[in-house]
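Engineer: What follows is a structure written as structure tokens; I'll ask about it next.
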Amino acid sequence: MTVLFITHKYPPSVGGMENQSFHLIQGIRQMASAHTIIYEQKDPIWKFFFQLRPRVSKMLLKHPEITHIHLNDGLMAAFCYLLSVDFGGRKVLATFHGLDVVFPLGVYQNYIFRKMVQKVDKIICVSTATQDACCARNIPKEKITVVHNGVDVHWKNKSAENKGSTFKKYNLDLTHDKIILTLGRPVKRKGFSWFANEVMPLLEDHIRMVHIGHIATLPTTSLQTVIPNSWENKFNLFMGKADDSAALLAAHHKNPDKIILAGRLSDTDRDHLIASADMVVMPNVRVDGDMEGFGLVALEAAVMGKIVLVSDLEGMKDAIINGKNGYRIPAGNAQMWADAIHHHIENHTLTGEDIKAFTTQNYSWEKMCLGYVAEMENM
């Protein structure tokens with residue numbers, strides 16, 4: 001078996017999909033022969049997409065032994081359909097993450113999505129929620145399977161020294177403060193501003209929320225002044241814009257001592273904060289036309305032995321198993337979130353070793369890659 005991976009999500013870009021794509025390719029290379037067509041950010045992204053057809057043709061001509069082609073997401077599959085990329089009869093599979101299934105654009109849902117699905121032989125969904133979204137769009141069940149994303153289970157906290165400087169930056173006192181950590185790009189479905197505005201006021205004063213992630217200032221552009229709000233929202237979704245930034249900033253300005261925005265951090269500072277946090281939360285809320293495909297951040301915290309609380313919603317149900325590597329809380333119920341936080345801060349029913357052991361056993365990158373290989377061999 002020889003696989004051609006085609007991906008526009010890859011390091012040095014940072015994100016869950018980039019991480020998944022990198023580890024999938026590197027892992028499969030340990031098990032089978034592999035070639036790649038990767039967006040390396042040397043040219044504009046549009047140029048990468050519009051060169052796909054000749055690049056794929058050239059790659060297949062150079063390597064006729066290629067048996068399988070993997071497309072990193074639904075967007076890649078859509079462009080391959082729209083550009084009439086010829087895969088020469090090879091078996092084609094695509095990973096669907098979530099937004100690429102539910103993206104709320106009529107022409108995409110009613111035409112492009114249905115047509116591109118016909119172009120692939122197998123769809124690998126990262127979660128049961130993504131699979132359900134595919135089934136709701138009448139994709140044949142025999143074409144869909146689920147392979148969970150993985151996480152680096154060999155993580156070790158190498159940053160135990162000099163922690164003090166990290167906490168001084170944010171005026172955190174670990175002898176008194178209880179730290180609730182949120183991580184990631186502030187998009188509305190993540191629920192960061194909802195948590196800051198609705199849950200934090202219900203918590204005791206010594207419990208502080210620290211958010212790690214880039215906060216965009218979101219200036220109004222000339223485009224935003226002429227397009228309808230509905231189109232602006234779709235554009236933000238498509239581009240992954242941090243459209244919850246303004247609301248999160250407002251919550252911080254309202255209560256800067258209790259809601260701390262750390263911004264984008266070095267890996268060392270990030271690890272300091274995660275290792276010392278009392279818990280990590282993913283308080284996602286429902287957003288029409290968007291969904292959390294999996295919840296990789298939750299696993300990254302769990303493999304470090306942190307208590308993780310997530311919304312009982314969408315892809316988080318596959319990443320966090322109640323009582324095993326964290327707990328799921330009803331989405332949008334501020335009082336239940338506050339009660340759960342108070343309870344788990346005072347009562348450590350799960351040890352860090354328990355959390356890490358379960359996550360390591362069930363969510364390694366190796367296990368993910370073995371799942372992909374098994375699916376390819378069965379095509």
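Ordering of the structure tokens sets the chain letters (A, B, ...), residue numbers begin anew at 1 in every chain, and ligands are numbered from 1 in the order given.
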Which neighbours of segment 203-206 of chain A fall inside 10 Å, counting only C-alpha atoms, when residues of the same chain fewer than 3 positions from it are skipped, and could you give them as a PyMOL selection string?
Structural biologist: chain A and resi 173+176-179+198-200+209+257-258+335+337-339+341-342
Engineer: Can you list every residue of segment 83-115 of chain A that has an atom at most 10 Å from segment 3-11 of chain A, with its nearest atom pair and the distance in Å to one decimal, using only C-alpha atoms, ordered by chain then number, as a Markdown table?
Structural biologist:
```
| residue | atom | partner | partner_atom | distance |
| --- | --- | --- | --- | --- |
| A:Arg90 | CA | A:Val3 | CA | 9.7 |
| A:Lys91 | CA | A:Val3 | CA | 9.5 |
| A:Val92 | CA | A:Leu4 | CA | 9.5 |
| A:Leu93 | CA | A:Phe5 | CA | 9.9 |
| A:Ala94 | CA | A:Ile6 | CA | 9.7 |
```
Engineer: If DSSP is run on the backbone, what residues of segment 298-353 of chain A are strand (DSSP E)? A reply as a PyMOL selection string would be ideal.
Structural biologist: chain A and resi 308-311+327-329
Engineer: What would the file look like if the residues just selected were written as an mmCIF file, in the first residue's frame with C-alpha atoms?
Structural biologist:
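Once everything was written out, this is part-v4.cif:
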```
data_model
loop_
_atom_site.group_PDB
_atom_site.id
_atom_site.type_symbol
_atom_site.label_atom_id
_atom_site.label_comp_id
_atom_site.auth_asym_id
_atom_site.auth_seq_id
_atom_site.Cartn_x
_atom_site.Cartn_y
_atom_site.Cartn_z
ATOM 1 C CA VAL A 308 -11.106 18.456 32.323
ATOM 2 C CA LEU A 309 -14.708 19.673 32.252
ATOM 3 C CA VAL A 310 -16.378 19.927 28.854
ATOM 4 C CA SER A 311 -19.832 20.649 27.515
ATOM 5 C CA TYR A 327 -16.505 15.104 33.123
ATOM 6 C CA ARG A 328 -19.209 16.378 30.786
ATOM 7 C CA ILE A 329 -21.543 19.181 31.892
#
```
Engineer: Between A:Arg29, A:Lys188, A:His343, A:His348, which has the minimum distance to Met291 of chain A (counting only C-alpha atoms)?
Structural biologist: A:Lys188
Engineer: Rank A:Ala334, A:Val187, A:Met116, A:Ala301 by their smallest atom-to-atom distance to Ile355 of chain A, using only C-alpha atoms, and report the top residue only.
Structural biologist: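 Distance minimum relative to Ile355 of chain A lands on A:Ala301.
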